[in-house]
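*Asks:* First the structure, which I've put down as structure tokens, then a few questions once you've had a look.
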Amino acid sequence: MENCTGTVPIHLKMTLTTKEAAEYSNIGINKIDSMLRSPNCPFVLFVGTKKLVKRKEFEQFISEKLVI
């Protein structure tokens, strides 16, 4: 069996870093970070002190918005 050490494509990841989410959505890192800090953000996942973006919820949030 081969040792697979390749990276997972962004569109297959369950969670994204703010940098990956910015790349994926073409929204700036600072804007995504401010959205993650807002109360009741539907797509934030805290892993200790690290904030990750839940990709599917993020996609749904963006698709429902007209202005961010």
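Labels used: A, B, ... for chains in the order of the structure tokens, numbers from 1 for residues in each chain, and numbers from 1 for ligands as shown.
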Need the shell around A:Asp33: protein/DNA/RNA residues with any atom at most 12 Å away, counting only C-alpha atoms. Skip same-chain ones fewer than 2 positions apart. Format as a PyMOL selection string?
*Replies:* chain A and resi 17-22+27-31+35-38+41+43-44+50-53
*Asks:* Go ahead and write the selection's residues with C-alpha atoms as an mmCIF file, in the first residue's frame.
*Replies:*
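Output below, filename out-v6.cif:
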data_model
loop_
_atom_site.group_PDB
_atom_site.id
_atom_site.type_symbol
_atom_site.label_atom_id
_atom_site.label_comp_id
_atom_site.auth_asym_id
_atom_site.auth_seq_id
_atom_site.Cartn_x
_atom_site.Cartn_y
_atom_site.Cartn_z
ATOM 1 C CA THR A 17 -8.722 27.959 7.717
ATOM 2 C CA THR A 18 -9.500 31.651 7.235
ATOM 3 C CA LYS A 19 -6.839 31.779 4.510
ATOM 4 C CA GLU A 20 -8.390 28.810 2.669
ATOM 5 C CA ALA A 21 -11.892 30.267 3.081
ATOM 6 C CA ALA A 22 -10.681 33.575 1.637
ATOM 7 C CA ILE A 27 -13.621 37.319 0.283
ATOM 8 C CA GLY A 28 -10.773 38.969 2.196
ATOM 9 C CA ILE A 29 -9.204 37.333 5.244
ATOM 10 C CA ASN A 30 -10.031 40.330 7.457
ATOM 11 C CA LYS A 31 -13.708 40.238 6.430
ATOM 12 C CA MET A 35 -17.639 37.429 10.311
ATOM 13 C CA LEU A 36 -16.261 34.609 12.498
ATOM 14 C CA ARG A 37 -16.176 36.961 15.508
ATOM 15 C CA SER A 38 -19.826 37.952 15.147
ATOM 16 C CA CYS A 41 -21.935 32.878 13.440
ATOM 17 C CA PHE A 43 -20.145 28.552 10.248
ATOM 18 C CA VAL A 44 -17.486 28.972 12.947
ATOM 19 C CA LYS A 50 -8.236 28.238 16.693
ATOM 20 C CA LYS A 51 -11.201 29.300 14.533
ATOM 21 C CA LEU A 52 -12.104 27.180 11.529
ATOM 22 C CA VAL A 53 -14.782 27.705 8.895
#
*Asks:* Could you tell me, as a list in words, which residues of chain A DSSP assigns to strand (DSSP E or B) when given the backbone?
*Replies:*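 Secondary structure check on chain A, strand (DSSP E or B): Thr15, Leu16, Val44, Leu45, Phe46, Val47, Lys50, Lys51, Leu52, Val53 and Lys54 of chain A.
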*Asks:* Pick out the closest residue to A:Ser63 from this set: A:Phe46, A:Met14, A:Gly6, A:Ser25. Count only C-alpha atoms.
*Replies:*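 Smallest distance to A:Ser63 is found for A:Ser25.
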*Asks:* Go through chain A and collect every residue that DSSP, computed from the backbone, puts in helix (DSSP H, G or I); the answer should be as a ChimeraX atom specification.
*Replies:* /A:10-12,18-25,29-37,55-64
*Asks:* Which residue, A:Leu16, A:Lys65, A:Ile32, A:Asn26, has the smallest gap to A:Leu45 when you use only C-alpha atoms?
*Replies:* A:Leu16
*Asks:* What does the distance between atom CA of A:Ile10 and atom CA of A:Ile68 come to in Å, to one decimal place?
*Replies:*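 That distance, rounded to one decimal, is 21.9 Å.
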*Asks:* What does the distance between atom CA of A:Lys13 and atom CA of A:Ile62 come to in Å, to one decimal place?
*Replies:* 17.2 Å
*Asks:* Select, from A:Leu12, A:Pro39, A:Glu64, A:Thr49, the residue with the minimum atom-to-atom distance to A:Tyr24, counting only C-alpha atoms.
*Replies:* A:Leu12
